[in-house]
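Student: There's a structure below that I have some questions on.
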Amino acid sequence: MLPEFYQFHHPTKVIYGEGLVNDFAHELEELGVKNYFIVSDQVLSSLGLIEQIKTGLEEAGFTITGEFYDVPQDASVEAVESISRQATDSGAEGLIAVGGGSVIDATKAANFVFSEGGDLVADYSGASTLTKPLKPFIVIPTTAGTGSENTLIAMIYDVANKTKLAFSDKFLLPDLAVLDPVMTQSLPPGLTASTGMDALTHAVESYVGVDTSPHSEALAVAAIRHIFKYLVRATQKGDDLEARGGMLIAANMAGSSFSHSMVGCVHAMAHAVGGLTRVPHGVANAILLPHGMEYNFEVCKEKFAELAPVMGENVTGKSIDEAARGAIAAVRRLGRQLNALNAMAVRLKDAGVPEESLPAIAEAATEDGAIVYNPREVVAEEILVHLKNAY
Ligand SMILES: [Fe+2]
């Protein structure tokens, strides 16, 4: 059945290629500004990756006015405020984020105050607070997971209240996303696996969500196919550039898909786990995805059955129920394969979640914005059963 109405708005230009970060300056010409501020992290800087990008841009006549390397594991309000202040003081006219989800989200959110002034939390929390485009914003992802280079959402951690603040606005979408598999080569197996499973969760939740659309479904299916083809390879052999490229593309497509159709109960649980216990987002999603699929099974089984062959399951002669079970089994099998590579936990207790926190996690999940898009109502007592199964 087709949706009564939907829209697909994707203004971010995506470019892909090995070694592209050394040679993308000409792509910035049409953005009309010359002075950029770079946000990244210490690890990437110590690997010499930022220097390469700077050299390429400076040789093409651009100026890097300053750099910020102190984004914490979860992008915090304080980090966002520091970026906007330092970028403004440096005389920058645009922002370049080089990093994973935290760096990208922090820079994305910093663009509010950098471009428009005001106070991040008071003026821009929530959805659609902007009336015009922000200053130029370029993203070079170094993980293949969040797809944040292709989304209109920034998740920022409120340290004082132990909660994630969501900012969403079509004007947050970057102008340019540079996908270069060389940039993800040094990502260790643990982060490769968990961020890749985050991308898989985006694709599956977007595919079955109440706001899905034919455009979102197409991108989700393509992302899932790439992830099942490339995630184990990329985790096993970090310098397999084809696998790295496949995962970057998959995460990007999944990002575009969920930027339009949002996510569901798995992310609601993962946000609660992350807020209360500091388990990284990708790890929480990786563990919880098959359990969230179980929670949604009765209302999603036709769609899970459609995904089963995309995940490599043979569905010939199988009923809808059997094929749908096959999709969940395929996700579990992928998790076990990554676990066998010592890259990922498959149980909450192995990720360091205290058992006594499960009821609070279930409660917090019911207050998360993602439940609005879940195809089944998220009820604390019922989700707790699945959290216990995941323990
Ligand atoms: Fe996610």
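Ordering of the structure tokens sets the chain letters (A, B, ...); residue numbers start at 1 within each chain; ligands are numbered from 1 in the order shown.
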Do a neighbour search on A:Leu289 at 10 Å with only C-alpha atoms, toss out local chain neighbours closer than 3 positions, and write the hits as a VMD selection string.
Tutor: chain A and resid 197 to 198 200 to 202 204 to 205 265 to 267 269 to 270 284 to 286 292 to 295 328 331 to 332 335 390
Student: Using only C-alpha atoms, which residues sit within 12 Å of stretch 302-309 of chain A once same-chain residues fewer than 3 positions away are excluded, as an mmCIF file with C-alpha atoms, in the first residue's frame?
Tutor:
data_model
loop_
_atom_site.group_PDB
_atom_site.id
_atom_site.type_symbol
_atom_site.label_atom_id
_atom_site.label_comp_id
_atom_site.auth_asym_id
_atom_site.auth_seq_id
_atom_site.Cartn_x
_atom_site.Cartn_y
_atom_site.Cartn_z
ATOM 1 C CA MET A 1 0.000 0.000 0.000
ATOM 2 C CA LEU A 200 21.744 -1.811 9.773
ATOM 3 C CA ALA A 203 17.829 0.644 7.589
ATOM 4 C CA VAL A 204 15.605 -1.987 9.244
ATOM 5 C CA GLU A 205 13.740 0.511 11.458
ATOM 6 C CA SER A 206 13.279 2.958 8.601
ATOM 7 C CA TYR A 207 11.978 0.143 6.354
ATOM 8 C CA VAL A 208 9.267 -0.938 8.810
ATOM 9 C CA GLY A 209 8.485 2.443 10.424
ATOM 10 C CA VAL A 210 5.114 4.153 10.205
ATOM 11 C CA THR A 212 8.351 4.829 5.558
ATOM 12 C CA GLU A 217 12.444 1.549 1.451
ATOM 13 C CA ALA A 218 14.618 1.474 -1.665
ATOM 14 C CA ALA A 220 17.049 0.804 3.200
ATOM 15 C CA VAL A 221 17.054 -2.355 1.073
ATOM 16 C CA ALA A 222 20.198 -1.275 -0.773
ATOM 17 C CA ALA A 223 21.888 -0.443 2.535
ATOM 18 C CA ILE A 224 20.958 -3.831 4.047
ATOM 19 C CA ARG A 225 22.277 -5.674 0.995
ATOM 20 C CA PHE A 228 25.363 -8.151 4.734
ATOM 21 C CA PRO A 290 17.029 -8.636 16.949
ATOM 22 C CA MET A 293 12.444 -7.043 15.718
ATOM 23 C CA GLU A 294 10.927 -9.659 18.054
ATOM 24 C CA ASN A 296 7.532 -5.723 16.477
ATOM 25 C CA PHE A 297 7.183 -9.201 14.977
ATOM 26 C CA GLU A 298 3.383 -9.494 14.704
ATOM 27 C CA VAL A 299 2.903 -6.093 13.044
ATOM 28 C CA GLY A 312 20.807 -13.784 2.260
ATOM 29 C CA GLU A 313 18.034 -16.063 3.536
ATOM 30 C CA ASN A 314 16.540 -18.664 1.216
ATOM 31 C CA VAL A 315 12.788 -18.133 1.515
ATOM 32 C CA THR A 316 11.657 -20.571 -1.186
ATOM 33 C CA LYS A 318 8.546 -20.641 3.358
ATOM 34 C CA SER A 319 5.509 -19.030 4.976
ATOM 35 C CA ILE A 320 5.498 -15.338 5.877
ATOM 36 C CA ASP A 321 6.131 -16.258 9.521
ATOM 37 C CA GLU A 322 9.046 -18.523 8.624
ATOM 38 C CA ALA A 323 10.645 -15.994 6.269
ATOM 39 C CA ALA A 324 10.236 -13.215 8.850
ATOM 40 C CA ARG A 325 11.850 -15.450 11.490
ATOM 41 C CA GLY A 326 14.635 -15.978 8.936
ATOM 42 C CA ALA A 327 15.320 -12.223 8.839
ATOM 43 C CA ILE A 328 15.699 -12.106 12.629
ATOM 44 C CA ALA A 329 17.906 -15.197 12.486
ATOM 45 C CA ALA A 330 20.080 -13.524 9.829
ATOM 46 C CA VAL A 331 20.553 -10.454 12.043
ATOM 47 C CA PRO A 375 4.964 0.401 14.091
#
Student: Skip stretch 124-132 of chain A itself and residues of its chain fewer than 2 positions away, then list as a VMD selection string all residues within 7 Å of it, counting only C-alpha atoms.
Tutor: chain A and resid 120 to 122 134 166 to 169 171
Student: Can you write just those residues out, C-alpha atoms, as a PDB file, in the first residue's frame?
Tutor:
ATOM      1  CA  LEU A 120      21.683  26.217  21.289  1.00  0.00           C
ATOM      2  CA  VAL A 121      19.265  24.590  23.737  1.00  0.00           C
ATOM      3  CA  ALA A 122      16.872  27.482  24.324  1.00  0.00           C
ATOM      4  CA  LEU A 134      22.854  27.930   7.483  1.00  0.00           C
ATOM      5  CA  ALA A 166      17.357  15.901  19.482  1.00  0.00           C
ATOM      6  CA  PHE A 167      17.689  18.731  16.965  1.00  0.00           C
ATOM      7  CA  SER A 168      16.133  18.290  13.558  1.00  0.00           C
ATOM      8  CA  ASP A 169      15.796  20.702  10.688  1.00  0.00           C
ATOM      9  CA  PHE A 171      18.617  23.226   6.986  1.00  0.00           C
TER      10      PHE A 171
END
Student: Which residue, A:Lys162, A:Lys108, A:His281, A:His291, has the smallest gap to ligand 1 when you use only C-alpha atoms and all ligand atoms?
Tutor: A:His281
Student: Between A:Ser82, A:Thr146, A:Ser90, A:Thr12, single out the one closest to A:Thr65, counting only C-alpha atoms.
Tutor: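 For A:Thr65, the nearest of the given residues is A:Ser90.
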Student: Just to confirm, what's the straight-line distance from atom CA of A:Arg278 to atom CA of A:Glu355 in Å (one decimal)?
Tutor: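 Between atom CA of A:Arg278 and atom CA of A:Glu355 the gap works out to 14.2 Å.
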Student: For A:Pro188, which of A:Gly91, A:Val43, A:Lys164, A:Glu51 is the closest residue, counting only C-alpha atoms?
Tutor: A:Val43
Student: By how many Å are atom CA of A:Val21 and atom CA of A:Leu179 apart?
Tutor: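 So the two atoms, atom CA of A:Val21 and atom CA of A:Leu179, lie 8.2 Å apart.
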Student: Given the choices A:Pro214, A:Gly264, A:Pro359, A:Pro3, which gets closest to ligand 1 if the distance is worked out from only C-alpha atoms and all ligand atoms?
Tutor: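 When distances to ligand 1 are compared using only C-alpha atoms and all ligand atoms, the smallest one comes from A:Gly264.
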Student: What gap, in Å, lies between atom CA of A:Ser186 and atom CA of A:Pro141?
Tutor: 12.6 Å
Student: For a quick check of understanding, using only C-alpha atoms and all ligand atoms, which of A:Gly100, A:Gly190, A:Phe114, A:Val372 has the smallest distance to ligand 1?
Tutor: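 When distances to ligand 1 are compared using only C-alpha atoms and all ligand atoms, the smallest one comes from A:Gly100.
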Student: Quick one: DSSP helix (DSSP H, G or I) residues in stretch 252-362 of chain A, as a ChimeraX atom specification?
Tutor: /A:252-261,265-277,281-295,297-310,320-340,349-351,355-362
Student: Let me make sure I understand: among A:Gly101, A:Pro189, A:Pro181, A:Gly246, which one has the smallest atom-to-atom distance to ligand 1 if we use only C-alpha atoms and all ligand atoms?
Tutor: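 For ligand 1, the nearest of the given residues is A:Gly101.
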Student: I'd like the neighbourhood of stretch 109-112 of chain A as a compact mmCIF listing (two decimals) with N, CA and C atoms, in the first residue's frame, where a residue qualifies if any of its atoms comes within 9 Å (using only C-alpha atoms), though same-chain residues fewer than 4 positions away should be ignored.
Tutor:
# COMPACT_ATOMS: atom_id res chain seq x y z
N VAL A 77 26.57 19.37 24.79
CA VAL A 77 26.16 20.76 24.59
C VAL A 77 27.39 21.67 24.72
N ALA A 79 30.57 21.00 24.13
CA ALA A 79 31.44 20.90 22.95
C ALA A 79 30.84 21.70 21.80
N VAL A 80 29.54 21.59 21.62
CA VAL A 80 28.87 22.32 20.53
C VAL A 80 29.06 23.83 20.70
N GLU A 81 28.90 24.29 21.95
CA GLU A 81 29.06 25.72 22.22
C GLU A 81 30.50 26.17 21.95
N SER A 82 31.47 25.34 22.34
CA SER A 82 32.87 25.69 22.11
C SER A 82 33.17 25.78 20.62
N ILE A 83 32.63 24.84 19.85
CA ILE A 83 32.89 24.86 18.39
C ILE A 83 32.32 26.13 17.78
N SER A 84 31.07 26.48 18.12
CA SER A 84 30.50 27.67 17.47
C SER A 84 31.26 28.93 17.87
N ARG A 85 31.67 28.97 19.14
CA ARG A 85 32.40 30.16 19.61
C ARG A 85 33.77 30.26 18.92
N GLY A 94 32.57 28.85 7.06
CA GLY A 94 31.95 27.53 6.86
C GLY A 94 32.60 26.52 7.78
N LEU A 95 31.95 25.35 7.93
CA LEU A 95 32.44 24.31 8.84
C LEU A 95 32.73 23.02 8.07
N ILE A 104 30.37 14.73 13.79
CA ILE A 104 29.45 15.27 12.77
C ILE A 104 28.26 15.95 13.45
N ASP A 105 27.68 15.28 14.45
CA ASP A 105 26.51 15.86 15.11
C ASP A 105 26.86 17.14 15.86
N GLU A 116 23.56 31.63 13.08
CA GLU A 116 22.42 32.47 13.43
C GLU A 116 22.52 33.15 14.79
N GLY A 117 23.56 32.79 15.60
CA GLY A 117 23.65 33.33 16.96
C GLY A 117 22.62 32.69 17.86
N GLY A 118 22.44 33.23 19.06
CA GLY A 118 21.45 32.71 20.00
C GLY A 118 22.02 31.61 20.88
N ASP A 119 21.10 30.87 21.51
CA ASP A 119 21.48 29.83 22.46
C ASP A 119 21.03 28.47 21.93
N LEU A 120 21.96 27.52 21.91
CA LEU A 120 21.68 26.22 21.29
C LEU A 120 20.41 25.57 21.84
N TYR A 124 17.03 26.35 19.73
CA TYR A 124 17.00 25.43 18.58
C TYR A 124 16.60 23.99 18.90
N LEU A 130 14.40 26.64 12.10
CA LEU A 130 15.09 27.57 11.20
C LEU A 130 14.18 28.01 10.05
N LEU A 134 21.73 27.55 6.63
CA LEU A 134 22.85 27.93 7.48
C LEU A 134 24.10 28.11 6.61
N LYS A 135 25.22 28.40 7.28
CA LYS A 135 26.48 28.58 6.54
C LYS A 135 26.96 27.24 5.97
N PRO A 136 27.84 27.28 4.96
CA PRO A 136 28.28 26.04 4.32
C PRO A 136 28.84 25.03 5.31
N PHE A 137 28.48 23.76 5.08
CA PHE A 137 28.83 22.69 6.01
C PHE A 137 29.20 21.44 5.21
N ILE A 153 19.31 15.37 11.32
CA ILE A 153 19.19 15.23 12.78
C ILE A 153 20.55 15.36 13.44
N ALA A 154 20.61 16.01 14.59
CA ALA A 154 21.80 15.99 15.44
C ALA A 154 21.36 15.57 16.84
N MET A 155 22.05 14.55 17.38
CA MET A 155 21.76 14.11 18.75
C MET A 155 22.88 14.64 19.65
N ILE A 156 22.51 15.42 20.65
CA ILE A 156 23.51 16.05 21.53
C ILE A 156 23.24 15.63 22.97
N PHE A 167 17.88 17.53 17.78
CA PHE A 167 17.69 18.73 16.96
C PHE A 167 17.41 18.24 15.55
N LEU A 172 19.77 21.65 8.49
CA LEU A 172 20.97 21.07 9.10
C LEU A 172 21.69 20.14 8.13
Student: Would you pick out the contacts of stretch 22-30 of chain A at 10 Å or less, using only C-alpha atoms, so that residues sharing its chain but fewer than 3 positions from it are not included, and give the list as a VMD selection string?
Tutor: chain A and resid 13 15 18 to 19 33 to 34 49 51 to 62 136 to 138 175 to 176 178 180
Student: The selected residues should be written to file as an mmCIF file, in the first residue's frame (atoms: C-alpha atoms).
Tutor:
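File produced: part_7.cif:
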data_model
loop_
_atom_site.group_PDB
_atom_site.id
_atom_site.type_symbol
_atom_site.label_atom_id
_atom_site.label_comp_id
_atom_site.auth_asym_id
_atom_site.auth_seq_id
_atom_site.Cartn_x
_atom_site.Cartn_y
_atom_site.Cartn_z
ATOM 1 C CA LYS A 13 25.638 16.323 -2.660
ATOM 2 C CA ILE A 15 30.688 12.174 -3.752
ATOM 3 C CA GLU A 18 39.247 6.326 -2.929
ATOM 4 C CA GLY A 19 41.659 9.129 -2.011
ATOM 5 C CA VAL A 33 33.237 30.989 0.801
ATOM 6 C CA LYS A 34 36.974 30.526 1.328
ATOM 7 C CA LEU A 49 44.450 12.508 8.077
ATOM 8 C CA GLU A 51 46.849 17.400 7.589
ATOM 9 C CA GLN A 52 46.158 15.755 4.213
ATOM 10 C CA ILE A 53 42.756 17.433 3.975
ATOM 11 C CA LYS A 54 44.152 20.817 5.007
ATOM 12 C CA THR A 55 46.980 20.611 2.476
ATOM 13 C CA GLY A 56 44.579 19.808 -0.363
ATOM 14 C CA LEU A 57 42.329 22.734 0.544
ATOM 15 C CA GLU A 58 45.118 25.235 1.144
ATOM 16 C CA GLU A 59 46.779 24.375 -2.151
ATOM 17 C CA ALA A 60 43.474 25.177 -3.847
ATOM 18 C CA GLY A 61 43.334 28.616 -2.231
ATOM 19 C CA PHE A 62 41.141 27.921 0.814
ATOM 20 C CA PRO A 136 28.283 26.044 4.316
ATOM 21 C CA PHE A 137 28.831 22.691 6.012
ATOM 22 C CA ILE A 138 30.973 19.842 4.657
ATOM 23 C CA ASP A 175 25.998 20.814 1.602
ATOM 24 C CA LEU A 176 28.525 18.143 0.701
ATOM 25 C CA VAL A 178 32.771 13.263 0.904
ATOM 26 C CA ASP A 180 36.424 8.209 0.955
#
Student: Can you pull out every residue from stretch 119-293 of chain A that DSSP, working from the backbone, puts in strand (DSSP E or B), and format the result as a PyMOL selection string?
Tutor: chain A and resi 126-127+137-141+153-158+163-168+176-179
Student: If you count only C-alpha atoms, which residues fall within 9 Å of A:Arg233, apart from same-chain ones fewer than 4 positions away, as a PDB file with C-alpha atoms, in the first residue's frame?
Tutor:
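Generated file (part-v4.pdb):
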ATOM      1  CA  LYS A 229      27.910  -8.247   1.933  1.00  0.00           C
ATOM      2  CA  LYS A 237      40.332  -6.888   7.301  1.00  0.00           C
ATOM      3  CA  GLY A 238      40.414  -3.158   7.882  1.00  0.00           C
ATOM      4  CA  ASP A 240      39.887  -4.050   2.426  1.00  0.00           C
ATOM      5  CA  ALA A 243      34.467  -3.504   1.936  1.00  0.00           C
ATOM      6  CA  ARG A 244      35.192  -0.134   3.583  1.00  0.00           C
TER       7      ARG A 244
END
Student: List the neighbours of stretch 338-347 of chain A out to 9 Å using only C-alpha atoms; skip same-chain residues closer than 5 positions along the sequence, and give me the result as an NGL selection string.
Tutor: :A and (188-194 or 231-232 or 235-236 or 283 or 286-288 or 332-333 or 389-391)
